[in-house]
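Engineer: Quick one: structure below, then a few questions.
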Amino acid sequence: MKVTEIMKKKMSFSFEVFPPKSEQPLEPLLDTLEHLYKFNPDFVSCTYGAGGSNAGRNMEICKAIKDSGKSIPVTHYTCIGNTKEKIREELETYLAMGVDHILALRGDFPKGWEGTRGDFNYANELVAYIKNNFPEFTIAVAGNPEKHFEAASFDADITHLRMKQDAGGDYIMTQLCHDVDQYSWWVERIRKAGITMPIDVGIMPVLSKDPTIRMAVSNGSAVPRDLAEIIGRYGDNPDDFKKAGKEYTVKQIHKYINAGIDGLHIYSLNRWKDVSDIIQAAGLR
Ligand code: FAD
């Protein structure tokens with residue numbers, strides 16, 4: 001079944017995982033996946049290192065999800081560093097494995113890169129290529145409720161999102177956004193711009209101080225007052241921080257569900273125990 005068909009019937013529920021580095025074993029992530037499957041995720045997405053650095057591991061994980069028969073694998077895929085020829089080969093490999101859902105991205109530039117060094121400069125070009133050459137894929141695209149950090153304006157960023165829809169994008173997966181009011185404002189703006197794709201909202205569990213700050217900074221994401229208070233009050237005490245962060249994440253999930261969303265996607269950070277606590281406390285499964 002296609003993720004977009006699931007979203008027409010109910011709010012989809014899913015996880016993101018990231019593959020291990022090439023020298024590390026696969027087993028811990030396979031074990032993590034077994035724990036995550038217990039929550040019956042409609043799909044599990046797997047990240048892909050821009051520049052293709054971990055393409056092999058990504059494929060191993062997507063294949064493992066497919067072979068488990070327990071969820072739909074969605075591969076992330078970036079144009080950075082990828083020629084058309086390489087993209088064709090890799091997309092053929094995914095389809096041969098039965099992986100027919102893809103999050104089509106430009107990717108973040110590895111340090112020191114200028115331009116994509118590949119055949120496509122922006123995600124909309126990759127989306128068009130996939131749609132025209134591999135129509136079997138259901139295509140997700142990234143959306144930024146707080147505007148992509150490189151975009152000159154919201155209008156420009158929304159125009160580019162519309163280009164991804166026009167090129168063949170089927171649904172949106174959102175970037176980290178702690179501010180749910182900002183999300184609702186953005187949804188209104190993109191709907192006015194004729195963007196009709198369903199929206200799968202990404203939730204980043206707040207588990208420790210430094211990554212929480214780092215991710216907000218790197219994505220250009222605001223830190224609302226209640227999260228700033230947790231950072232200020234518990235920043236020096238990892239256990240208390242995690243406890244308060246999990247409670248905060250549960251509240252975020254409820255706020256997003258109340259705002260009306262088509263899908264809830266938890267960036268699992270490969271931490272099934274913490275994620276399980278959050279899901280149970282949120283009463284999701
Ligand atoms: P684009 O849509 O191409 O946009 C990039 C910038 O260019 C934006 O500022 C946009 O406004 C502008 N732009 C877009 N099209 C045009 C155009 N035609 N002309 C001029 N300007 C344009 N990164 C990874 O490397 N690996 C991952 O696995 C990964 N997973 C992600 C998962 C999710 C859910 C999200 C939301 C992001 C993920 N990313 C990942 C990060 C993503 O690659 C970055 O946000 C990247 O900087 C932009 O990717 P994009 O697909 O949004 O790019």
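Every chain in the structure tokens takes a letter, A first, then B, and so on in the order presented; its residues are numbered from 1, and the ligands are numbered from 1 following the presented order.
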Which residues are near ligand 1 in this structure, taking near to mean any atom at most 8 Å from a ligand atom and counting only C-alpha atoms and all ligand atoms? Format them as a PyMOL selection string.

Structural biologist: chain A and resi 18+46-51+76-78+103-109+121-125+141-144+147-152+156-161+163-164+173-176+202+219

Engineer: Where does DSSP see helix (DSSP H, G or I) in segment 111-250 of chain A, if you list the residues as a PyMOL selection string?

Structural biologist: chain A and resi 123-133+154-167+180-192+209-219+225-234+238-250

Engineer: For the residues selected in the previous step, produce a file with C-alpha atoms as a PDB file, in the first residue's frame.

Structural biologist:
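Saved to selection37.pdb:
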```pdb
ATOM      1  CA  ALA A 123      15.349  18.734  -5.077  1.00  0.00           C
ATOM      2  CA  ASN A 124      12.648  19.691  -7.608  1.00  0.00           C
ATOM      3  CA  GLU A 125      14.974  18.509 -10.407  1.00  0.00           C
ATOM      4  CA  LEU A 126      15.471  15.163  -8.667  1.00  0.00           C
ATOM      5  CA  VAL A 127      11.711  14.816  -8.133  1.00  0.00           C
ATOM      6  CA  ALA A 128      11.080  15.441 -11.852  1.00  0.00           C
ATOM      7  CA  TYR A 129      13.746  12.913 -12.817  1.00  0.00           C
ATOM      8  CA  ILE A 130      12.252  10.231 -10.561  1.00  0.00           C
ATOM      9  CA  LYS A 131       8.684  10.937 -11.714  1.00  0.00           C
ATOM     10  CA  ASN A 132       9.640  10.809 -15.409  1.00  0.00           C
ATOM     11  CA  ASN A 133      11.906   7.768 -15.246  1.00  0.00           C
ATOM     12  CA  PHE A 154       9.134  32.524   2.964  1.00  0.00           C
ATOM     13  CA  ASP A 155       7.573  33.330  -0.393  1.00  0.00           C
ATOM     14  CA  ALA A 156      10.646  32.085  -2.243  1.00  0.00           C
ATOM     15  CA  ASP A 157      10.813  28.905  -0.165  1.00  0.00           C
ATOM     16  CA  ILE A 158       7.090  28.224  -0.674  1.00  0.00           C
ATOM     17  CA  THR A 159       7.482  28.779  -4.429  1.00  0.00           C
ATOM     18  CA  HIS A 160      10.225  26.144  -4.397  1.00  0.00           C
ATOM     19  CA  LEU A 161       8.020  23.766  -2.411  1.00  0.00           C
ATOM     20  CA  ARG A 162       5.277  24.280  -4.998  1.00  0.00           C
ATOM     21  CA  MET A 163       7.830  23.415  -7.703  1.00  0.00           C
ATOM     22  CA  LYS A 164       8.438  20.085  -5.943  1.00  0.00           C
ATOM     23  CA  GLN A 165       4.696  19.371  -5.992  1.00  0.00           C
ATOM     24  CA  ASP A 166       4.424  20.353  -9.662  1.00  0.00           C
ATOM     25  CA  ALA A 167       7.369  18.090 -10.480  1.00  0.00           C
ATOM     26  CA  VAL A 180       3.406  24.531  16.540  1.00  0.00           C
ATOM     27  CA  ASP A 181       1.766  27.962  15.982  1.00  0.00           C
ATOM     28  CA  GLN A 182       4.435  28.695  13.395  1.00  0.00           C
ATOM     29  CA  TYR A 183       3.647  25.338  11.766  1.00  0.00           C
ATOM     30  CA  SER A 184      -0.087  26.222  11.548  1.00  0.00           C
ATOM     31  CA  TRP A 185       0.755  29.625  10.051  1.00  0.00           C
ATOM     32  CA  TRP A 186       2.953  27.956   7.446  1.00  0.00           C
ATOM     33  CA  VAL A 187       0.266  25.400   6.550  1.00  0.00           C
ATOM     34  CA  GLU A 188      -2.158  28.246   5.865  1.00  0.00           C
ATOM     35  CA  ARG A 189       0.433  29.962   3.657  1.00  0.00           C
ATOM     36  CA  ILE A 190       1.300  26.891   1.615  1.00  0.00           C
ATOM     37  CA  ARG A 191      -2.369  25.952   1.107  1.00  0.00           C
ATOM     38  CA  LYS A 192      -2.984  29.479  -0.211  1.00  0.00           C
ATOM     39  CA  LYS A 209      20.994  19.381  25.803  1.00  0.00           C
ATOM     40  CA  ASP A 210      23.762  19.704  23.223  1.00  0.00           C
ATOM     41  CA  PRO A 211      22.069  17.893  20.313  1.00  0.00           C
ATOM     42  CA  THR A 212      18.843  19.813  21.000  1.00  0.00           C
ATOM     43  CA  ILE A 213      20.685  23.124  20.673  1.00  0.00           C
ATOM     44  CA  ARG A 214      22.859  21.935  17.774  1.00  0.00           C
ATOM     45  CA  MET A 215      19.892  20.728  15.725  1.00  0.00           C
ATOM     46  CA  ALA A 216      17.927  23.932  16.322  1.00  0.00           C
ATOM     47  CA  VAL A 217      20.922  26.024  15.241  1.00  0.00           C
ATOM     48  CA  SER A 218      21.782  23.963  12.160  1.00  0.00           C
ATOM     49  CA  ASN A 219      18.172  23.938  10.927  1.00  0.00           C
ATOM     50  CA  ARG A 225      10.196  29.582  25.864  1.00  0.00           C
ATOM     51  CA  ASP A 226       9.165  26.237  27.452  1.00  0.00           C
ATOM     52  CA  LEU A 227      12.056  24.451  25.749  1.00  0.00           C
ATOM     53  CA  ALA A 228      14.474  27.262  26.655  1.00  0.00           C
ATOM     54  CA  GLU A 229      13.373  26.832  30.277  1.00  0.00           C
ATOM     55  CA  ILE A 230      14.207  23.122  30.198  1.00  0.00           C
ATOM     56  CA  ILE A 231      17.631  23.917  28.727  1.00  0.00           C
ATOM     57  CA  GLY A 232      18.245  26.598  31.366  1.00  0.00           C
ATOM     58  CA  ARG A 233      16.946  24.630  34.343  1.00  0.00           C
ATOM     59  CA  TYR A 234      18.206  21.116  33.569  1.00  0.00           C
ATOM     60  CA  PRO A 238      21.377  14.942  31.960  1.00  0.00           C
ATOM     61  CA  ASP A 239      18.881  12.719  33.813  1.00  0.00           C
ATOM     62  CA  ASP A 240      16.549  15.559  34.761  1.00  0.00           C
ATOM     63  CA  PHE A 241      16.964  17.066  31.294  1.00  0.00           C
ATOM     64  CA  LYS A 242      15.914  13.810  29.662  1.00  0.00           C
ATOM     65  CA  LYS A 243      12.879  13.430  31.935  1.00  0.00           C
ATOM     66  CA  ALA A 244      11.699  16.990  31.252  1.00  0.00           C
ATOM     67  CA  GLY A 245      12.585  16.662  27.561  1.00  0.00           C
ATOM     68  CA  LYS A 246      10.455  13.550  27.178  1.00  0.00           C
ATOM     69  CA  GLU A 247       7.499  15.295  28.853  1.00  0.00           C
ATOM     70  CA  TYR A 248       8.019  18.231  26.511  1.00  0.00           C
ATOM     71  CA  THR A 249       8.088  15.901  23.484  1.00  0.00           C
ATOM     72  CA  VAL A 250       4.813  14.258  24.565  1.00  0.00           C
TER      73      VAL A 250
END
```

Engineer: Please identify all polymer residues within 12 Å of segment 277-282 of chain A, counting only C-alpha atoms, omitting same-chain residues fewer than 5 positions from it, and present them as JSON, numbers by chain.

Structural biologist: {"A": [13, 14, 15, 35, 36, 38, 39, 40, 41, 203, 204, 205, 206, 207, 242, 243, 244, 245, 246, 247, 248, 249, 250, 251, 252, 253, 254, 255, 256, 257, 264, 265, 266, 267, 268, 271, 272]}

Engineer: Keeping only N, CA and C atoms, write the selected residues to a file as an mmCIF file, in the first residue's frame.

Structural biologist:
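Final file, again-v5.cif:
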```cif
data_model
loop_
_atom_site.group_PDB
_atom_site.id
_atom_site.type_symbol
_atom_site.label_atom_id
_atom_site.label_comp_id
_atom_site.auth_asym_id
_atom_site.auth_seq_id
_atom_site.Cartn_x
_atom_site.Cartn_y
_atom_site.Cartn_z
ATOM 1 N N PHE A 13 1.623 6.904 11.013
ATOM 2 C CA PHE A 13 2.547 6.915 12.146
ATOM 3 C C PHE A 13 3.831 6.229 11.688
ATOM 4 N N SER A 14 4.955 6.879 11.897
ATOM 5 C CA SER A 14 6.185 6.334 11.322
ATOM 6 C C SER A 14 7.429 6.758 12.104
ATOM 7 N N PHE A 15 8.532 6.117 11.758
ATOM 8 C CA PHE A 15 9.820 6.417 12.392
ATOM 9 C C PHE A 15 10.878 6.729 11.336
ATOM 10 N N HIS A 35 12.241 -3.559 17.904
ATOM 11 C CA HIS A 35 11.506 -2.882 18.987
ATOM 12 C C HIS A 35 10.523 -1.856 18.419
ATOM 13 N N LEU A 36 10.952 -1.144 17.389
ATOM 14 C CA LEU A 36 10.077 -0.118 16.799
ATOM 15 C C LEU A 36 8.878 -0.742 16.073
ATOM 16 N N LYS A 38 7.125 -3.045 16.989
ATOM 17 C CA LYS A 38 6.056 -3.386 17.943
ATOM 18 C C LYS A 38 4.979 -2.300 17.983
ATOM 19 N N PHE A 39 5.342 -1.084 17.539
ATOM 20 C CA PHE A 39 4.358 0.003 17.533
ATOM 21 C C PHE A 39 3.611 0.084 16.187
ATOM 22 N N ASN A 40 3.785 -0.943 15.364
ATOM 23 C CA ASN A 40 3.104 -0.997 14.058
ATOM 24 C C ASN A 40 3.264 0.278 13.229
ATOM 25 N N PRO A 41 4.484 0.712 12.994
ATOM 26 C CA PRO A 41 4.637 1.922 12.168
ATOM 27 C C PRO A 41 4.181 1.652 10.729
ATOM 28 N N ILE A 203 8.791 14.806 14.342
ATOM 29 C CA ILE A 203 8.939 15.142 15.766
ATOM 30 C C ILE A 203 10.332 14.715 16.229
ATOM 31 N N MET A 204 11.069 15.678 16.747
ATOM 32 C CA MET A 204 12.422 15.379 17.250
ATOM 33 C C MET A 204 12.349 15.182 18.767
ATOM 34 N N PRO A 205 12.603 13.971 19.277
ATOM 35 C CA PRO A 205 12.600 13.790 20.732
ATOM 36 C C PRO A 205 13.679 14.659 21.380
ATOM 37 N N VAL A 206 13.300 15.319 22.478
ATOM 38 C CA VAL A 206 14.264 16.144 23.217
ATOM 39 C C VAL A 206 14.834 15.271 24.322
ATOM 40 N N LEU A 207 16.085 14.836 24.150
ATOM 41 C CA LEU A 207 16.653 13.866 25.091
ATOM 42 C C LEU A 207 17.921 14.363 25.775
ATOM 43 N N LYS A 242 16.594 14.815 30.478
ATOM 44 C CA LYS A 242 15.914 13.810 29.662
ATOM 45 C C LYS A 242 14.455 13.637 30.104
ATOM 46 N N LYS A 243 14.246 13.614 31.410
ATOM 47 C CA LYS A 243 12.879 13.430 31.935
ATOM 48 C C LYS A 243 11.985 14.600 31.464
ATOM 49 N N ALA A 244 12.487 15.815 31.657
ATOM 50 C CA ALA A 244 11.699 16.990 31.252
ATOM 51 C C ALA A 244 11.553 17.045 29.727
ATOM 52 N N GLY A 245 12.609 16.645 29.033
ATOM 53 C CA GLY A 245 12.585 16.662 27.561
ATOM 54 C C GLY A 245 11.552 15.682 27.007
ATOM 55 N N LYS A 246 11.448 14.526 27.645
ATOM 56 C CA LYS A 246 10.455 13.550 27.178
ATOM 57 C C LYS A 246 9.039 14.092 27.408
ATOM 58 N N GLU A 247 8.832 14.716 28.577
ATOM 59 C CA GLU A 247 7.499 15.295 28.853
ATOM 60 C C GLU A 247 7.173 16.382 27.825
ATOM 61 N N TYR A 248 8.186 17.173 27.515
ATOM 62 C CA TYR A 248 8.019 18.231 26.511
ATOM 63 C C TYR A 248 7.649 17.614 25.148
ATOM 64 N N THR A 249 8.341 16.539 24.786
ATOM 65 C CA THR A 249 8.088 15.901 23.484
ATOM 66 C C THR A 249 6.659 15.356 23.419
ATOM 67 N N VAL A 250 6.193 14.777 24.520
ATOM 68 C CA VAL A 250 4.813 14.258 24.565
ATOM 69 C C VAL A 250 3.827 15.406 24.325
ATOM 70 N N LYS A 251 4.080 16.553 24.977
ATOM 71 C CA LYS A 251 3.188 17.718 24.790
ATOM 72 C C LYS A 251 3.218 18.184 23.334
ATOM 73 N N GLN A 252 4.407 18.189 22.749
ATOM 74 C CA GLN A 252 4.539 18.599 21.345
ATOM 75 C C GLN A 252 3.701 17.702 20.438
ATOM 76 N N ILE A 253 3.761 16.395 20.704
ATOM 77 C CA ILE A 253 2.995 15.437 19.892
ATOM 78 C C ILE A 253 1.502 15.766 19.996
ATOM 79 N N HIS A 254 1.035 16.000 21.210
ATOM 80 C CA HIS A 254 -0.396 16.306 21.381
ATOM 81 C C HIS A 254 -0.765 17.613 20.695
ATOM 82 N N LYS A 255 0.108 18.618 20.823
ATOM 83 C CA LYS A 255 -0.182 19.910 20.176
ATOM 84 C C LYS A 255 -0.292 19.731 18.660
ATOM 85 N N TYR A 256 0.645 18.973 18.094
ATOM 86 C CA TYR A 256 0.612 18.761 16.641
ATOM 87 C C TYR A 256 -0.637 17.994 16.227
ATOM 88 N N ILE A 257 -0.985 16.967 16.981
ATOM 89 C CA ILE A 257 -2.179 16.192 16.614
ATOM 90 C C ILE A 257 -3.407 17.108 16.676
ATOM 91 N N LEU A 264 2.382 11.506 11.525
ATOM 92 C CA LEU A 264 3.305 11.835 12.618
ATOM 93 C C LEU A 264 4.547 10.957 12.438
ATOM 94 N N HIS A 265 5.693 11.614 12.307
ATOM 95 C CA HIS A 265 6.928 10.900 11.968
ATOM 96 C C HIS A 265 7.934 11.171 13.086
ATOM 97 N N ILE A 266 8.317 10.150 13.798
ATOM 98 C CA ILE A 266 9.239 10.373 14.915
ATOM 99 C C ILE A 266 10.674 10.090 14.475
ATOM 100 N N TYR A 267 11.516 11.116 14.605
ATOM 101 C CA TYR A 267 12.945 10.920 14.338
ATOM 102 C C TYR A 267 13.464 10.081 15.508
ATOM 103 N N SER A 268 13.637 8.799 15.304
ATOM 104 C CA SER A 268 13.887 7.915 16.463
ATOM 105 C C SER A 268 15.295 8.075 17.033
ATOM 106 N N ARG A 271 17.037 5.392 19.093
ATOM 107 C CA ARG A 271 16.988 5.187 20.559
ATOM 108 C C ARG A 271 15.602 4.654 20.930
ATOM 109 N N TRP A 272 15.445 3.359 20.723
ATOM 110 C CA TRP A 272 14.109 2.772 20.842
ATOM 111 C C TRP A 272 13.546 2.849 22.261
#
```

Engineer: Give the strand (DSSP E) residues of segment 132-262 of chain A, as DSSP finds them on the backbone, and put them as an NGL selection string.

Structural biologist: :A and (138-143 or 171-174 or 199-203)
